[in-house]
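Take a look at the structure set out below.
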Amino acid sequence: MLGFEEIDSTNVADVGGKGVHLGELSRINGIRVPDGFCVTTDAFQRVVAEAPSIDAQLDLLSRVEPDDHAAIRTLSADIRRVVEGAVIPDDIVAAISESLARLGEQASYAVRSSATAEDLPTASFAGQQDSYLNIAGLPAILRHVRRCWASLFTERAVTYRRRNGFDHRKVRMAVVVQQMVFPDAAGILFTADPVTSNRKVATVEAGWGLGEALVSGLVTGDVYTVRDDQVVTTAVAAKPRSVQASPGGGTRDAPVEPQRQTQPALTDEQVVRLVRLGRRIEAHFGRPQDIEWCLAGDDFHIVQSRPITTLFPVPRTDDQENHVYVSVGHQQMMTDAMKPLGLSLWQLTTPRPMHEAGGRLFVDVAPLLATPAGRANLLGTLGKSDPLIRDALQTVLDRGDFIRSLPDEDPIAAPAGDPPAPIETDPAVVTQLIRHSQASVATLRSEIQTLSGPALLDFILADIAELRRVLFSPQSFQVIMAGMEATWWLNDHLEAWLGEKNAADALTQSVPHNITSEMGLALLDVADTIRPHADVVTFLHRVVDEGREGDGFLDELAGLAGGREARDAIRGYLDEYGMRCAGEIDITRTRWSEHPATLVPTILGNIKNFEPGAGKRHFEQGRQEARRKEQELLTRLRALPHGEQKAEETKRMIDRVRTFAGYREYPKYGMVSRYFAYKQALLREADRLVRTGTLREKEDIFFLRFPELQEVVRTDDVDAELIVERREAFRSYEALTPPRVLTSDGEAITGRYRRDDAPPGALVGLPVSAGTVEGRARVVMDMAQADLEAGDILVTAYTDPSWTPLFVTVAGLVTEVGGLMTHGAVIAREYGLPAVVGVEQATRLIRDGQRIRVHGTDGYVEILA
């Protein structure tokens with residue numbers, strides 16, 4: 001046994017998360033915590049060890065799939081029966097009896113489970129195990145201690161652990177025995193707003209009697225929000241029922257007197273006083289808390305506190321200024337969490353300062369929003385690319401007091417200099433930029449091969465400067481902007497002159513030099529090589545069915561008829577595009593060359609859905625459609641007043657957009673090519689560190705930042721605990737959804753489409769590729785799991801270049817994330833696919849297999865059936 005006064009943060013393994021929090025709470029000055037003790041995990045372990053049948057049942061449980069509810073239900077019920085029937089050793093009974101004598105044998109107690117993986121900063125298991133209230137007498141307490149132990153194996157607790165990767169054997173159970181408080185009112189206090197995540201706003205929920213009435217959903221409580229010691233909103237609910245202590249033990253549902261049902265459970269003064277206590281608790285634990293409280297007389301008692309694990313973290317700053325963070329991931333089509341090496345390498349690559357939070361990167365735009373010119377420029381740019389981010393920023397600005405307003409810098413003081421001359425519409429400019437990038441990557445690959453140790457890390461750091469030079473060259477930027485500006489010009493002018501919306505979409509089909517769209521068509525050529533060889537096709541189906549990893553299957557192909565040609569075609573494709581993968585801006589992600597089987601389902605889909613020569617036909621059809629659209633538009637323009645001049649200007653812009661639009665995808669291809677060369681060299685170095693015993697496994701390097709990795713390579717010494725912590729933190733970050741815009745108060749602002757031109761019930765988004773298409777929705781979250789047929793509409797969270805091979809099959813695209821010039825939009829236009837991006841919660845609101853209609857011109861999706 002351990003009394004609360006003996007427990008601190010070092011005792012998680014002994015008393016679990018709930019027990020530790022109560023021990024810590026009891027140490028905070030001014031916080032009243034009902035006294036109690038914990039039956040430690042050692043007692044649980046002893047009882048389980050003396051029931052050998054549990055060991056075999058845990059073996060079975062560890063092999064059950066998380067979705068096999070029937071098996072989990074049966075096995076977990078068997079284990080619970082064994083635990084509830086176990087005999088508690090005499091010395092444990094005596095220790096519990098002694099603790100009760102100290103606190104009061106006739107008193108009533110709350111008996112609560114406290115698992116070692118419960119109420120932790122990275123995973124809240126709240127509600128996974130059980131609590132029992134108003135328990136009196138040693139026999140009853142012993143009975144409920146066994147029930148708490150058994151609750152470790154409820155169906156929901158077992159399923160939760162299986163889904164979140166927790167080992168059943170490593171999670172142990174302690175039991176909290178705490179004196180009961182019989183309150184007038186009780187409830188929950190969130191020290192950060194659970195809806196908006198704003199850390200400056202606290203939310204209090206309150207009801208009559210015990211807090212179980214709120215927790216169980218028996219009643220809706222009063223809700224108060226508090227900011228700066230002021231109650232800012234109050235919503236008093238009707239509270240017809242309450243949970244009260246039963247005279248014979250346990251609790252009962254009781255009616256509330258009619259005159260009290262609509263009375264507030266707390267006064268404003270009490271609410272503010274409670275929030276102040278909550279801020280004291282939050283400061284002690286160093287993070288926002290979810291606090292259970294009771295009010296008896298005029299005294300608040302705190303009976304539990306746990307971290308709020310659903311809040312997105314806020315970037316750390318060392319100032320007291322207000323900041324507004326825009327998500328980098330929403331611009332880069334990579335909203336997944338990134339590992340530390342990936343984050344730090346991207347920060348070394350980008351010229352803008354970037355802040356980390358929740359395994360994602362953010363840019364602080366508060367300085368830009370502060371000045372009229374910066375504000376206009378930022379909102380104008382984002383208005384074109386992502387209206388949701390623009391609206392979220394406008395929401396912050398409209399509050400008037402969050403961003404300090406500063407004057408524009410004096411234009412007289414600005415450095416003089418003429419703007420660069422517009423770039424000529426010359427295809428040679430693009431081919432020369434591509435040639436320079438290719439030569440630079442070839443030099444890197446040659447020079448990095450023989451390097452190791454500190455010299456390798458120094459070389460990579462120096463080469464990042466070359467990467468930045470190529471990536472951000474002024475001429476490269478001019479080419480990209482020329483393509484974008486020509487697109488905007490065409491859309492604006494042709495809508496004004498001809499009423500033609502998004503005209504540039506059709507005009508940019510099959511433009512030259514788009515490395516990403518070429519990649520999708522090249523996989524059709526691979527399918528053409530494989531299609532005639534039935535044995536190879538059968539073998540590749542087996543590769544998919546068996547879930548093969550690595551590239552061993554490529555060597556096996558050589559023994560089949562046509563297998564050598566198939567192997568060479570796949571390897572040739574990987575030589576050109578194997579550095580790509582989902583989430584490719586994170587260097588730690590597995591590349592196609594490292595796991596070629598990722599491509600096999602798409603190759604098989606191409607074999608099934610297309611005839612030979614489809615790649616070349618697809619490109620030529622797009623080119624002819626763009627040519628036809630050009631002629632149609634120019635003919636219509638010539639019929640207008642001043643038509644010849646308008647047609648001439650338009651032809652000039654069409655030539656410009658077709659010359660430059662394809663290049664936009666190339667700089668990222670060059671960057672990812674370099675990243676893969678770095679990764680291959682770093683993994684060779686990691687192999688050496690594993691052989692010397694410095695690292696446990698080579699992927700440990702992914703959880704070190706680049707300067708940390710330099711130090712490890714230099715010293716052959718690593719902080720193993722740091723890597724373990726980083727792995728656990730990354731696992732928790734994966735479950736979070738990053739906001740588009742986040743303030744330094746922690747408020748996540750999503751933004752809204754402020755438009756009313758869509759039909760009722762339609763899902764609104766951003767129109768990025770014109771046209772309307774109707775078809776079967778395929779909701780796909782992992783490219784390797786895609787099972788598409790011609791005419792399907794791809795619905796997913798986001799797409800990056802690795803998804804392009806799927807675009808040749810589908811008839812339309814819907815994504816949750818995206819902008820006018822992000823990857824999915826660019827390739828959809830080039831392939832002539834109607835597309836709507838930025839559709840909030842599209843993968844949840846659209847079910848796989850539903851029939852939908854995508855309005856790519858007007859920017860909405862209708863669910864038809």
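Just so we're on the same page: first chain in the structure tokens is A, next is B, and so on; residues restart at 1 for each chain, and ligands are numbered from 1 in the order they show up.
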Original post:
Quick one: residues within 12 Å of Ala337 in chain A, only C-alpha atoms counted, chain neighbours fewer than 6 positions away excluded, as a PyMOL selection string?
Top reply: chain A and resi 312+327-329+343+356-361+583+585-586+588-589+727+729-738
Same residues, N, CA, C and O atoms, output as a short mmCIF file (atom, residue, chain, number, x, y, z; two decimals), in the first residue's frame:
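Wrote out_16.cif, looks like this:
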data_model
loop_
_atom_site.label_atom_id
_atom_site.label_comp_id
_atom_site.auth_asym_id
_atom_site.auth_seq_id
_atom_site.Cartn_x
_atom_site.Cartn_y
_atom_site.Cartn_z
N PHE A 312 -4.20 20.02 -29.71
CA PHE A 312 -3.00 20.09 -30.54
C PHE A 312 -1.98 20.96 -29.82
O PHE A 312 -2.33 22.04 -29.33
N SER A 327 -0.27 26.28 -40.98
CA SER A 327 0.25 24.92 -41.19
C SER A 327 1.05 24.82 -42.49
O SER A 327 0.56 25.17 -43.56
N VAL A 328 2.28 24.32 -42.38
CA VAL A 328 3.09 24.05 -43.57
C VAL A 328 2.56 22.81 -44.29
O VAL A 328 2.53 22.75 -45.51
N GLY A 329 2.10 21.84 -43.51
CA GLY A 329 1.63 20.59 -44.09
C GLY A 329 0.46 20.77 -45.04
O GLY A 329 0.35 20.05 -46.04
N LEU A 343 11.72 16.57 -39.70
CA LEU A 343 11.42 17.96 -39.37
C LEU A 343 12.66 18.83 -39.50
O LEU A 343 12.63 19.90 -40.11
N GLU A 356 7.83 24.12 -34.59
CA GLU A 356 7.35 22.75 -34.47
C GLU A 356 6.26 22.63 -33.42
O GLU A 356 6.33 23.27 -32.38
N ALA A 357 5.29 21.78 -33.70
CA ALA A 357 4.28 21.41 -32.70
C ALA A 357 3.59 20.15 -33.19
O ALA A 357 3.20 20.07 -34.36
N GLY A 358 3.46 19.17 -32.30
CA GLY A 358 2.74 17.95 -32.65
C GLY A 358 3.31 17.21 -33.84
O GLY A 358 2.57 16.58 -34.59
N GLY A 359 4.65 17.30 -34.04
CA GLY A 359 5.27 16.62 -35.17
C GLY A 359 4.98 17.29 -36.51
O GLY A 359 5.19 16.69 -37.56
N ARG A 360 4.50 18.53 -36.47
CA ARG A 360 4.24 19.28 -37.70
C ARG A 360 4.98 20.61 -37.66
O ARG A 360 5.45 21.04 -36.61
N LEU A 361 5.01 21.27 -38.82
CA LEU A 361 5.69 22.56 -38.92
C LEU A 361 4.69 23.67 -39.22
O LEU A 361 3.70 23.46 -39.94
N GLY A 583 4.04 11.32 -48.44
CA GLY A 583 4.68 12.12 -47.40
C GLY A 583 6.16 12.34 -47.65
O GLY A 583 6.97 12.38 -46.72
N ILE A 585 8.19 14.69 -48.26
CA ILE A 585 9.03 15.76 -47.72
C ILE A 585 9.67 15.34 -46.39
O ILE A 585 10.58 16.01 -45.90
N ASP A 586 9.20 14.23 -45.81
CA ASP A 586 9.82 13.67 -44.60
C ASP A 586 10.83 12.63 -45.05
O ASP A 586 10.47 11.57 -45.55
N THR A 588 12.39 10.49 -43.62
CA THR A 588 12.34 9.19 -42.94
C THR A 588 11.29 8.26 -43.54
O THR A 588 11.27 7.08 -43.20
N ARG A 589 10.43 8.75 -44.43
CA ARG A 589 9.37 7.89 -44.98
C ARG A 589 9.94 6.86 -45.96
O ARG A 589 10.92 7.12 -46.67
N ARG A 727 10.05 8.37 -29.72
CA ARG A 727 9.19 7.38 -30.36
C ARG A 727 7.78 7.44 -29.78
O ARG A 727 6.78 7.40 -30.50
N ALA A 729 6.37 9.98 -28.19
CA ALA A 729 5.75 11.25 -28.56
C ALA A 729 5.23 11.19 -30.00
O ALA A 729 4.11 11.64 -30.28
N PHE A 730 6.02 10.62 -30.91
CA PHE A 730 5.60 10.52 -32.31
C PHE A 730 4.32 9.70 -32.44
O PHE A 730 3.41 10.06 -33.18
N ARG A 731 4.25 8.61 -31.67
CA ARG A 731 3.04 7.77 -31.71
C ARG A 731 1.81 8.58 -31.31
O ARG A 731 0.74 8.44 -31.88
N SER A 732 1.98 9.44 -30.30
CA SER A 732 0.84 10.25 -29.86
C SER A 732 0.51 11.33 -30.89
O SER A 732 -0.66 11.66 -31.11
N TYR A 733 1.53 11.89 -31.56
CA TYR A 733 1.28 12.92 -32.56
C TYR A 733 0.52 12.38 -33.77
O TYR A 733 -0.25 13.11 -34.40
N GLU A 734 0.75 11.10 -34.09
CA GLU A 734 0.09 10.51 -35.26
C GLU A 734 -1.43 10.56 -35.13
O GLU A 734 -2.14 10.61 -36.14
N ALA A 735 -1.92 10.54 -33.89
CA ALA A 735 -3.37 10.51 -33.67
C ALA A 735 -4.00 11.90 -33.75
O ALA A 735 -5.23 12.02 -33.75
N LEU A 736 -3.19 12.95 -33.81
CA LEU A 736 -3.71 14.31 -33.80
C LEU A 736 -4.00 14.80 -35.22
O LEU A 736 -3.33 14.43 -36.18
N THR A 737 -5.00 15.66 -35.33
CA THR A 737 -5.31 16.32 -36.61
C THR A 737 -4.79 17.74 -36.55
O THR A 737 -5.23 18.53 -35.72
N PRO A 738 -3.84 18.10 -37.42
CA PRO A 738 -3.28 19.45 -37.34
C PRO A 738 -4.28 20.49 -37.85
O PRO A 738 -4.99 20.24 -38.84
#
Subject >> Which residue of A:Leu444, A:Pro367, A:Ile480, A:Gln347 approaches Glu321 in chain A most closely, using only C-alpha atoms >> reply: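 Ranking A:Leu444, A:Pro367, A:Ile480, A:Gln347 by distance to Glu321 in chain A, first place goes to A:Pro367.
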Original post:
Which one of A:Val657, A:Val204, A:Leu266, A:Leu311 sits closest to Gly297 in chain A if you count only C-alpha atoms?
Top reply: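 Checking each candidate against Gly297 in chain A, we get A:Leu266 as the closest.
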Subject >> Nearest-residue call for Thr317 in chain A, choices A:Glu257, A:Asp364, A:Glu649, A:Glu205, using only C-alpha atoms >> reply: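 Closest to Thr317 in chain A of all the choices is A:Asp364.
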**OP:** For Arg276 in chain A, work out the shell of residues within 12 Å, counting only C-alpha atoms and skipping chain neighbours fewer than 6 positions away, then give it as a list in words.
**Re:**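 Everything that qualifies: Gly30, Ile31, Leu189, Phe190, Thr191, Val201, Ala202, Thr203, Val204, Val226, Arg227, Asp228, Asp229, Gln230, Glu269, Gln270, Glu282, Ala283 and Phe300 of chain A.
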Original post:
Quick one: distance from CA of Pro313 in chain A to CA of His355 in chain A in Å, one decimal?
Top reply: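 Taking CA of Pro313 in chain A as the start and CA of His355 in chain A as the end point, the length is 11.4 Å.
Interatomic distance, CA of Ala174 in chain A against CA of Asn29 in chain A: 25.8 Å.
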Original post:
Can you list, as a PyMOL selection string, every residue of range 1-242 of chain A that DSSP puts in alpha helix (DSSP H)?
Top reply: chain A and resi 12-25+41-49+53-62+69-84+90-103+138-150+155-164+212-215
Original post:
If you run DSSP on this backbone, which residues of range 740-845 of chain A come out as strand (DSSP E or B), and could you give them as a PyMOL selection string?
Top reply: chain A and resi 741-743+748-749+763-764+766-769+772-779+793-796+812-815+835-837
**OP:** Might you pull out every residue within 10 Å of Phe37 in chain A, with only C-alpha atoms counted and same-chain residues fewer than 6 positions away left off, and present them as number ranges by chain?
**Re:** A: 1-7, 15, 19, 22-23, 96, 99-100, 103, 175-179
Selection file, C-alpha atoms, as a PDB file, in the first residue's frame:
ATOM      1  CA  MET A   1       0.000   0.000   0.000  1.00  0.00           C
ATOM      2  CA  LEU A   2       1.057   3.596  -0.595  1.00  0.00           C
ATOM      3  CA  GLY A   3      -0.745   6.570   0.950  1.00  0.00           C
ATOM      4  CA  PHE A   4      -1.292   9.594  -1.282  1.00  0.00           C
ATOM      5  CA  GLU A   5       1.317  11.477   0.745  1.00  0.00           C
ATOM      6  CA  GLU A   6       3.942   8.863  -0.263  1.00  0.00           C
ATOM      7  CA  ILE A   7       3.240   9.099  -4.013  1.00  0.00           C
ATOM      8  CA  VAL A  15       0.175   3.135  -8.710  1.00  0.00           C
ATOM      9  CA  GLY A  19      -2.759   7.220  -8.508  1.00  0.00           C
ATOM     10  CA  LEU A  22      -3.744  12.067  -6.861  1.00  0.00           C
ATOM     11  CA  GLY A  23      -0.396  11.911  -5.092  1.00  0.00           C
ATOM     12  CA  ILE A  96      -5.674  -2.749   3.130  1.00  0.00           C
ATOM     13  CA  SER A  99      -4.931   1.662   5.754  1.00  0.00           C
ATOM     14  CA  LEU A 100      -8.708   1.729   6.264  1.00  0.00           C
ATOM     15  CA  LEU A 103      -8.577   6.715   7.482  1.00  0.00           C
ATOM     16  CA  VAL A 175      -6.430   0.517  -7.320  1.00  0.00           C
ATOM     17  CA  VAL A 176      -7.174   3.901  -5.736  1.00  0.00           C
ATOM     18  CA  VAL A 177      -9.181   3.843  -2.483  1.00  0.00           C
ATOM     19  CA  GLN A 178     -10.245   7.411  -1.661  1.00  0.00           C
ATOM     20  CA  GLN A 179     -12.532   8.890   0.977  1.00  0.00           C
TER      21      GLN A 179
END
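The space separating CA of Val817 in chain A from CA of Lys668 in chain A comes to 18.6 Å.
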**OP:** Write out as a PyMOL selection string the residues lying within 8 Å of Thr602 in chain A, counting only C-alpha atoms and excluding same-chain residues fewer than 4 positions away.
**Re:** chain A and resi 606+784+786+805-806
The selected residues should be written to file as a PDB file, in the first residue's frame (atoms: C-alpha atoms).
ATOM      1  CA  ASN A 606      -3.435  -0.617 -64.941  1.00  0.00           C
ATOM      2  CA  ALA A 784      -1.156   0.596 -51.590  1.00  0.00           C
ATOM      3  CA  ALA A 786      -6.389   1.241 -53.607  1.00  0.00           C
ATOM      4  CA  PRO A 805      -0.227   6.763 -60.759  1.00  0.00           C
ATOM      5  CA  LEU A 806      -3.822   6.429 -59.483  1.00  0.00           C
TER       6      LEU A 806
END
**OP:** Skip range 712-714 of chain A itself and residues of its chain fewer than 2 positions away, then list as a PyMOL selection string all residues within 9 Å of it, counting only C-alpha atoms.
**Re:** chain A and resi 453-454+457+685-686+689+694+707-710+716-719
**OP:** Show which residues sit within 7 Å of Val861 in chain A, as a ChimeraX atom specification. Count only C-alpha atoms, and ignore same-chain residues fewer than 6 positions away.
**Re:** /A:762-764,852-855
Original post:
Hey, which of A:Asp575, A:Asp551, A:Leu397, A:Gln841 ends up closest to Glu594 in chain A? Count only C-alpha atoms.
Top reply: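 Checking each of A:Asp575, A:Asp551, A:Leu397, A:Gln841 against Glu594 in chain A, counting only C-alpha atoms, the winner is A:Asp551.
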**OP:** Go through A:Ala582, A:Val33, A:Val470, A:Ile570 one by one, measure the shortest atom-to-atom distance of each to Glu292 in chain A using only C-alpha atoms, and give the residue with the smallest value.
**Re:**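 Once distances to Glu292 in chain A are computed over only C-alpha atoms, the minimum belongs to A:Val33.
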